[in-house]
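Report on one structure; see the data block that follows.
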Amino acid sequence: MVSRLFAAALLTAMAAAQTPYKAPRTADGKPDLNGIWQALNTANWDIQGHAAAPGAMPQLGAIGAIPAGLGVVVGDEIPYLPEAATKQKQNLANRWTADPEIKCYLPGVPRATYMPFPFQIVQSAKTILFSYEYASAMRTINIDSKKEAPIDSWMGWSNGHWEGETLVVDVTGLNDQTWFDRAGNFHSDALHVIERYTPRSPDTMSYEATIEDPKVFSRPWKMSMILYRHLEPNARLLEFKCVEFVEELMYGPLRKKTGK
Amino acid sequence: MNDRRILIAAAAALLMTLPAVCQKPAIPRTPDGHPDLQGIWTSASVVPLERPASVTGKEFYTPQEAADNAKRVLGITSWERLGGQAPEHYNMSQYGLDLSQVKVASTLRTSLIIGPEGRVPPYTPEAQKRNAARNAANRGHQFDGPENRPLQERCLIYSSEGPPMLPSAYNSNLQIVQDAGHVAILQEMIHSARIVPTDGSPHLSPRIRQWMGDSRGRWDGDTLVVDTTNFTDKTAFRNSTADLHLVERFTRVDADTIIYEFTAEDPATWARPWTAQIPLVRIEGPLFEFACHEGNLGIANTLSGARAAEKKAAEEATKK
């Protein structure tokens, strides 16, 4: 009898361990994703696995160096078409001038998710706001909407729906001006991103982005990473309005020369 | 007790229950019982921030006067308002952005600023001195570098973006999204999401100064009250200092209207606080992405134009 009870308890425990995590609910019964989140990886440097490397400016020493990273591409291979592979190599060679992040441009999707800045989710039943600290970038997710992108944009057009524990976001209408990372990985205006946000514990979410772009890749491929909740009691998005920081770079040569 | 007295007693009983009913008007509410401010709104207005001299001392129009004023203002196209000097780009009619082409709240007010004067109070002597010094420093240097150009031309922050939020010449669009502890206010121009916590949390450390300040909210009955401090002096809303203190009030009065009110206080700039009231009207949307900096050819063209003009002037001077 005792052993049977023990076996039953063991089975229950095993079942519990296998049951996927069920997140707290919002008033409308959906998983509650509200909060301030951030990726803790170096995918913004390079979405593929990479060793540490020197940075662009030797005078910055260790501060400017590139940290190593395991990569977030499932299988660690990006299926570029031959011409696109050449273009990516050119981008990589020009990374210190050509990456749109250098000019404080909007990051696009999915790059906004793994920039080294937090983002906040404000979740209501019909509209979910994703607000990113970097460059005041933002987008709203239209829940159960069939509306199509009215025009291409930097942050795209996001329609979402719930599949059990997962918020699935279908992103279209993205322009071809953004990169995936500082290593020159890129896409065209045919990019279609399907994102999946799934709570996996009270303070972590798994994030998956399926990338489709027949002009650049031979098949769809996937990124996968964990997002972490900011738990500081006073956690808050702050401003990173970086336009101010790129004016010298972009307009410096057009300044009036002084001292003449 | 005669019929009349019964009627009065019944009316009195009804009146006693009425205030409770009146405090909770039939407006949309979120699951936690607070007013639901969500949706896409416009602050487009047919009355100016400050009261025109022609209606000095008159806070409200009669309904007929208000209708006449609205008709007059809506009749002016952007092309007429800006005159022949305006580049084709600012001919808003072609984009459907003229006031006559968008939704505008009706109001009896003669100005957005409330009160007998209806104008921003005069600058304090300290502020006058500060403004004069700033103007003197920029005089003759307006085209030297990006820092000399207005903030909205640099795509840093739009003059009406706020807080406080004001109607713009066009695109006065905003969206509100709420979760249980936050009200997020999204502005189309230049694009920002101001996420206001309503959990009673204190302002940021005074060391942290921001273009849009730090906003904290609370519910005062059915009104959202937002308190904003921690500004940077670079924002300088109507020449105010970093000590600008703003209190905004959002009250949803019906399905299609939010009354938005703000009080601006900065003793180093104005002798007294002043208050403006702006009706927000619900629109269909969507809010479009306003990628201002990404498409900013204006700053580079303005500066290179100024350099070309200087070069030409210098060449002509040497010829003489």
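Order determines the names: the first chain of the structure tokens is A, the second B, and so forth; residues in each chain are numbered 1 upward, and ligands are numbered 1 upward as they are shown.
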* **Residues near Asn91 of chain A, cut-off 10 Å, only C-alpha atoms, skip fewer than 2 positions along chain, as number ranges by chain** => A: 85-89, 93-99, 179, 182-186
Just to be explicit: take each residue in the selection above, keep N, CA, C and O atoms, and write the result as an mmCIF file, in the first residue's frame.
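again.cif, written as the output of this step:
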data_model
loop_
_atom_site.group_PDB
_atom_site.id
_atom_site.type_symbol
_atom_site.label_atom_id
_atom_site.label_comp_id
_atom_site.auth_asym_id
_atom_site.auth_seq_id
_atom_site.Cartn_x
_atom_site.Cartn_y
_atom_site.Cartn_z
ATOM 1 N N ALA A 85 24.652 35.497 -50.073
ATOM 2 C CA ALA A 85 25.804 35.158 -49.234
ATOM 3 C C ALA A 85 26.958 36.127 -49.518
ATOM 4 O O ALA A 85 27.662 36.561 -48.603
ATOM 5 N N THR A 86 27.126 36.481 -50.785
ATOM 6 C CA THR A 86 28.172 37.444 -51.163
ATOM 7 C C THR A 86 27.865 38.806 -50.555
ATOM 8 O O THR A 86 28.745 39.477 -50.012
ATOM 9 N N LYS A 87 26.604 39.188 -50.632
ATOM 10 C CA LYS A 87 26.186 40.490 -50.090
ATOM 11 C C LYS A 87 26.421 40.549 -48.580
ATOM 12 O O LYS A 87 26.883 41.572 -48.042
ATOM 13 N N GLN A 88 26.142 39.426 -47.893
ATOM 14 C CA GLN A 88 26.355 39.410 -46.451
ATOM 15 C C GLN A 88 27.843 39.603 -46.124
ATOM 16 O O GLN A 88 28.195 40.307 -45.183
ATOM 17 N N LYS A 89 28.715 38.982 -46.938
ATOM 18 C CA LYS A 89 30.165 39.133 -46.705
ATOM 19 C C LYS A 89 30.594 40.585 -46.905
ATOM 20 O O LYS A 89 31.420 41.113 -46.161
ATOM 21 N N ALA A 93 32.177 43.157 -44.122
ATOM 22 C CA ALA A 93 33.401 43.933 -44.345
ATOM 23 C C ALA A 93 33.153 45.428 -44.061
ATOM 24 O O ALA A 93 34.057 46.136 -43.627
ATOM 25 N N ASN A 94 31.928 45.891 -44.305
ATOM 26 C CA ASN A 94 31.604 47.313 -44.109
ATOM 27 C C ASN A 94 30.837 47.563 -42.815
ATOM 28 O O ASN A 94 30.190 48.591 -42.667
ATOM 29 N N ARG A 95 30.873 46.616 -41.879
ATOM 30 C CA ARG A 95 29.998 46.667 -40.711
ATOM 31 C C ARG A 95 30.141 47.958 -39.909
ATOM 32 O O ARG A 95 29.185 48.419 -39.300
ATOM 33 N N TRP A 96 31.335 48.544 -39.876
ATOM 34 C CA TRP A 96 31.544 49.707 -39.008
ATOM 35 C C TRP A 96 31.021 51.005 -39.621
ATOM 36 O O TRP A 96 31.084 52.059 -38.998
ATOM 37 N N THR A 97 30.551 50.930 -40.859
ATOM 38 C CA THR A 97 29.930 52.123 -41.452
ATOM 39 C C THR A 97 28.521 51.841 -41.956
ATOM 40 O O THR A 97 27.697 52.748 -42.014
ATOM 41 N N ALA A 98 28.243 50.587 -42.323
ATOM 42 C CA ALA A 98 26.978 50.313 -43.032
ATOM 43 C C ALA A 98 25.834 49.822 -42.145
ATOM 44 O O ALA A 98 24.680 49.863 -42.567
ATOM 45 N N ASP A 99 26.130 49.369 -40.939
ATOM 46 C CA ASP A 99 25.045 48.887 -40.070
ATOM 47 C C ASP A 99 24.088 50.048 -39.746
ATOM 48 O O ASP A 99 24.512 51.079 -39.225
ATOM 49 N N TRP A 179 19.059 45.516 -40.680
ATOM 50 C CA TRP A 179 19.857 44.302 -40.620
ATOM 51 C C TRP A 179 19.413 43.475 -39.414
ATOM 52 O O TRP A 179 18.775 43.996 -38.504
ATOM 53 N N ARG A 182 24.954 43.241 -36.125
ATOM 54 C CA ARG A 182 26.091 44.075 -36.509
ATOM 55 C C ARG A 182 27.058 43.320 -37.415
ATOM 56 O O ARG A 182 28.122 43.833 -37.749
ATOM 57 N N ALA A 183 26.729 42.080 -37.765
ATOM 58 C CA ALA A 183 27.607 41.268 -38.612
ATOM 59 C C ALA A 183 27.109 41.240 -40.061
ATOM 60 O O ALA A 183 27.566 40.422 -40.857
ATOM 61 N N GLY A 184 26.188 42.094 -40.383
ATOM 62 C CA GLY A 184 25.779 42.227 -41.783
ATOM 63 C C GLY A 184 24.752 41.223 -42.257
ATOM 64 O O GLY A 184 24.460 41.155 -43.452
ATOM 65 N N ASN A 185 24.188 40.427 -41.347
ATOM 66 C CA ASN A 185 23.110 39.527 -41.763
ATOM 67 C C ASN A 185 21.886 40.368 -42.096
ATOM 68 O O ASN A 185 21.529 41.269 -41.339
ATOM 69 N N PHE A 186 21.263 40.081 -43.227
ATOM 70 C CA PHE A 186 20.282 41.030 -43.776
ATOM 71 C C PHE A 186 19.100 40.292 -44.394
ATOM 72 O O PHE A 186 19.038 39.059 -44.429
#
* To do: Residues of chain B no more than 8 Å from chain A, counting only C-alpha atoms: send them over as a PyMOL selection string.
  => chain B and resi 31+143-146+154-156+177-179+182+184+191-193+201+210-211+289+291+293-294+299-300+303-304+307
Output file for the selection above: N, CA, C and O atoms, as an mmCIF file, in the first residue's frame:
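The resulting part34.cif:
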data_model
loop_
_atom_site.group_PDB
_atom_site.id
_atom_site.type_symbol
_atom_site.label_atom_id
_atom_site.label_comp_id
_atom_site.auth_asym_id
_atom_site.auth_seq_id
_atom_site.Cartn_x
_atom_site.Cartn_y
_atom_site.Cartn_z
ATOM 1 N N PRO B 31 -11.276 45.754 -17.074
ATOM 2 C CA PRO B 31 -11.743 44.743 -16.117
ATOM 3 C C PRO B 31 -11.533 45.144 -14.655
ATOM 4 O O PRO B 31 -12.284 44.713 -13.787
ATOM 5 N N PHE B 143 22.132 78.516 -38.676
ATOM 6 C CA PHE B 143 22.437 77.463 -39.653
ATOM 7 C C PHE B 143 23.847 76.903 -39.471
ATOM 8 O O PHE B 143 24.396 76.277 -40.352
ATOM 9 N N ASP B 144 24.452 77.136 -38.300
ATOM 10 C CA ASP B 144 25.841 76.690 -38.079
ATOM 11 C C ASP B 144 25.958 75.168 -38.032
ATOM 12 O O ASP B 144 26.856 74.585 -38.619
ATOM 13 N N GLY B 145 25.078 74.540 -37.276
ATOM 14 C CA GLY B 145 25.163 73.081 -37.109
ATOM 15 C C GLY B 145 23.820 72.530 -36.684
ATOM 16 O O GLY B 145 22.886 73.298 -36.446
ATOM 17 N N PRO B 146 23.696 71.203 -36.573
ATOM 18 C CA PRO B 146 22.395 70.622 -36.233
ATOM 19 C C PRO B 146 21.837 71.142 -34.902
ATOM 20 O O PRO B 146 20.629 71.339 -34.767
ATOM 21 N N ARG B 154 15.306 68.314 -36.132
ATOM 22 C CA ARG B 154 16.346 67.307 -35.880
ATOM 23 C C ARG B 154 15.742 65.933 -35.611
ATOM 24 O O ARG B 154 16.461 64.977 -35.386
ATOM 25 N N CYS B 155 14.420 65.851 -35.594
ATOM 26 C CA CYS B 155 13.724 64.586 -35.329
ATOM 27 C C CYS B 155 14.019 64.051 -33.935
ATOM 28 O O CYS B 155 14.085 62.837 -33.715
ATOM 29 N N LEU B 156 14.229 64.962 -32.979
ATOM 30 C CA LEU B 156 14.459 64.531 -31.599
ATOM 31 C C LEU B 156 13.141 64.403 -30.857
ATOM 32 O O LEU B 156 12.856 63.390 -30.237
ATOM 33 N N VAL B 177 -3.039 52.599 -24.773
ATOM 34 C CA VAL B 177 -3.142 51.167 -24.482
ATOM 35 C C VAL B 177 -2.983 51.017 -22.968
ATOM 36 O O VAL B 177 -2.124 51.643 -22.366
ATOM 37 N N GLN B 178 -3.822 50.205 -22.341
ATOM 38 C CA GLN B 178 -3.779 50.034 -20.886
ATOM 39 C C GLN B 178 -3.568 48.581 -20.492
ATOM 40 O O GLN B 178 -4.164 47.685 -21.109
ATOM 41 N N ASP B 179 -2.717 48.342 -19.488
ATOM 42 C CA ASP B 179 -2.757 47.055 -18.798
ATOM 43 C C ASP B 179 -3.144 47.351 -17.347
ATOM 44 O O ASP B 179 -3.482 48.492 -17.020
ATOM 45 N N HIS B 182 -0.599 50.091 -15.903
ATOM 46 C CA HIS B 182 0.023 51.115 -16.739
ATOM 47 C C HIS B 182 -0.958 51.693 -17.750
ATOM 48 O O HIS B 182 -1.842 50.980 -18.233
ATOM 49 N N ALA B 184 -0.353 53.522 -21.370
ATOM 50 C CA ALA B 184 0.670 53.898 -22.351
ATOM 51 C C ALA B 184 0.065 54.877 -23.346
ATOM 52 O O ALA B 184 -1.016 54.634 -23.886
ATOM 53 N N HIS B 191 7.071 59.837 -32.869
ATOM 54 C CA HIS B 191 6.885 58.473 -32.408
ATOM 55 C C HIS B 191 7.484 58.293 -31.017
ATOM 56 O O HIS B 191 8.662 58.454 -30.810
ATOM 57 N N SER B 192 6.596 58.065 -30.062
ATOM 58 C CA SER B 192 7.033 57.782 -28.697
ATOM 59 C C SER B 192 5.910 57.047 -27.989
ATOM 60 O O SER B 192 4.747 57.217 -28.318
ATOM 61 N N ALA B 193 6.312 56.208 -27.049
ATOM 62 C CA ALA B 193 5.341 55.538 -26.186
ATOM 63 C C ALA B 193 5.691 55.939 -24.765
ATOM 64 O O ALA B 193 6.734 55.560 -24.249
ATOM 65 N N SER B 201 4.291 54.366 -7.618
ATOM 66 C CA SER B 201 5.752 54.386 -7.526
ATOM 67 C C SER B 201 6.268 55.819 -7.642
ATOM 68 O O SER B 201 5.654 56.657 -8.294
ATOM 69 N N GLN B 210 15.130 63.538 -18.615
ATOM 70 C CA GLN B 210 14.731 62.983 -19.905
ATOM 71 C C GLN B 210 14.020 64.039 -20.760
ATOM 72 O O GLN B 210 13.402 64.952 -20.240
ATOM 73 N N TRP B 211 14.089 63.849 -22.073
ATOM 74 C CA TRP B 211 13.412 64.746 -23.011
ATOM 75 C C TRP B 211 11.924 64.847 -22.661
ATOM 76 O O TRP B 211 11.334 65.908 -22.728
ATOM 77 N N GLU B 289 3.565 54.627 -38.710
ATOM 78 C CA GLU B 289 4.928 54.804 -38.209
ATOM 79 C C GLU B 289 5.471 56.126 -38.736
ATOM 80 O O GLU B 289 5.425 56.380 -39.936
ATOM 81 N N ALA B 291 8.739 57.575 -39.100
ATOM 82 C CA ALA B 291 10.192 57.370 -39.045
ATOM 83 C C ALA B 291 10.865 58.669 -39.475
ATOM 84 O O ALA B 291 11.371 58.793 -40.581
ATOM 85 N N HIS B 293 13.600 60.580 -38.293
ATOM 86 C CA HIS B 293 15.058 60.662 -38.449
ATOM 87 C C HIS B 293 15.526 59.863 -39.664
ATOM 88 O O HIS B 293 16.405 60.295 -40.414
ATOM 89 N N GLU B 294 14.914 58.700 -39.871
ATOM 90 C CA GLU B 294 15.317 57.819 -40.971
ATOM 91 C C GLU B 294 15.100 58.487 -42.328
ATOM 92 O O GLU B 294 15.799 58.172 -43.284
ATOM 93 N N ILE B 299 17.811 68.312 -42.536
ATOM 94 C CA ILE B 299 18.951 68.886 -41.810
ATOM 95 C C ILE B 299 20.167 68.977 -42.736
ATOM 96 O O ILE B 299 20.795 70.026 -42.843
ATOM 97 N N ALA B 300 20.482 67.887 -43.425
ATOM 98 C CA ALA B 300 21.655 67.882 -44.311
ATOM 99 C C ALA B 300 21.489 68.926 -45.414
ATOM 100 O O ALA B 300 22.423 69.676 -45.726
ATOM 101 N N LEU B 303 21.838 72.547 -43.936
ATOM 102 C CA LEU B 303 23.214 72.905 -43.597
ATOM 103 C C LEU B 303 24.065 73.058 -44.860
ATOM 104 O O LEU B 303 24.852 74.003 -44.976
ATOM 105 N N SER B 304 23.885 72.145 -45.828
ATOM 106 C CA SER B 304 24.725 72.289 -47.031
ATOM 107 C C SER B 304 24.303 73.512 -47.839
ATOM 108 O O SER B 304 25.139 74.172 -48.450
ATOM 109 N N ARG B 307 26.050 76.383 -46.189
ATOM 110 C CA ARG B 307 27.487 76.405 -46.532
ATOM 111 C C ARG B 307 27.692 76.926 -47.959
ATOM 112 O O ARG B 307 28.612 77.685 -48.233
#
* **All helix (DSSP H, G or I) residues (DSSP, backbone) inside segment 63-192 of chain A, as an MDAnalysis selection string** => chainID A and resid 63:64 82:93 95:98 100:103 111:114
* Give the answer as one residue: which of A:Ala23, A:Ile102, A:Ala51, A:Val171 has the shortest atom-to-atom distance to Val246 of chain A, using only C-alpha atoms? => A:Ile102
* Sel. of strand (DSSP E) residues, segment 2-219 of chain A, as number ranges by chain -> A: 35-39, 119-123, 127-132, 138-143, 157-163, 166-172, 192-201, 204-212
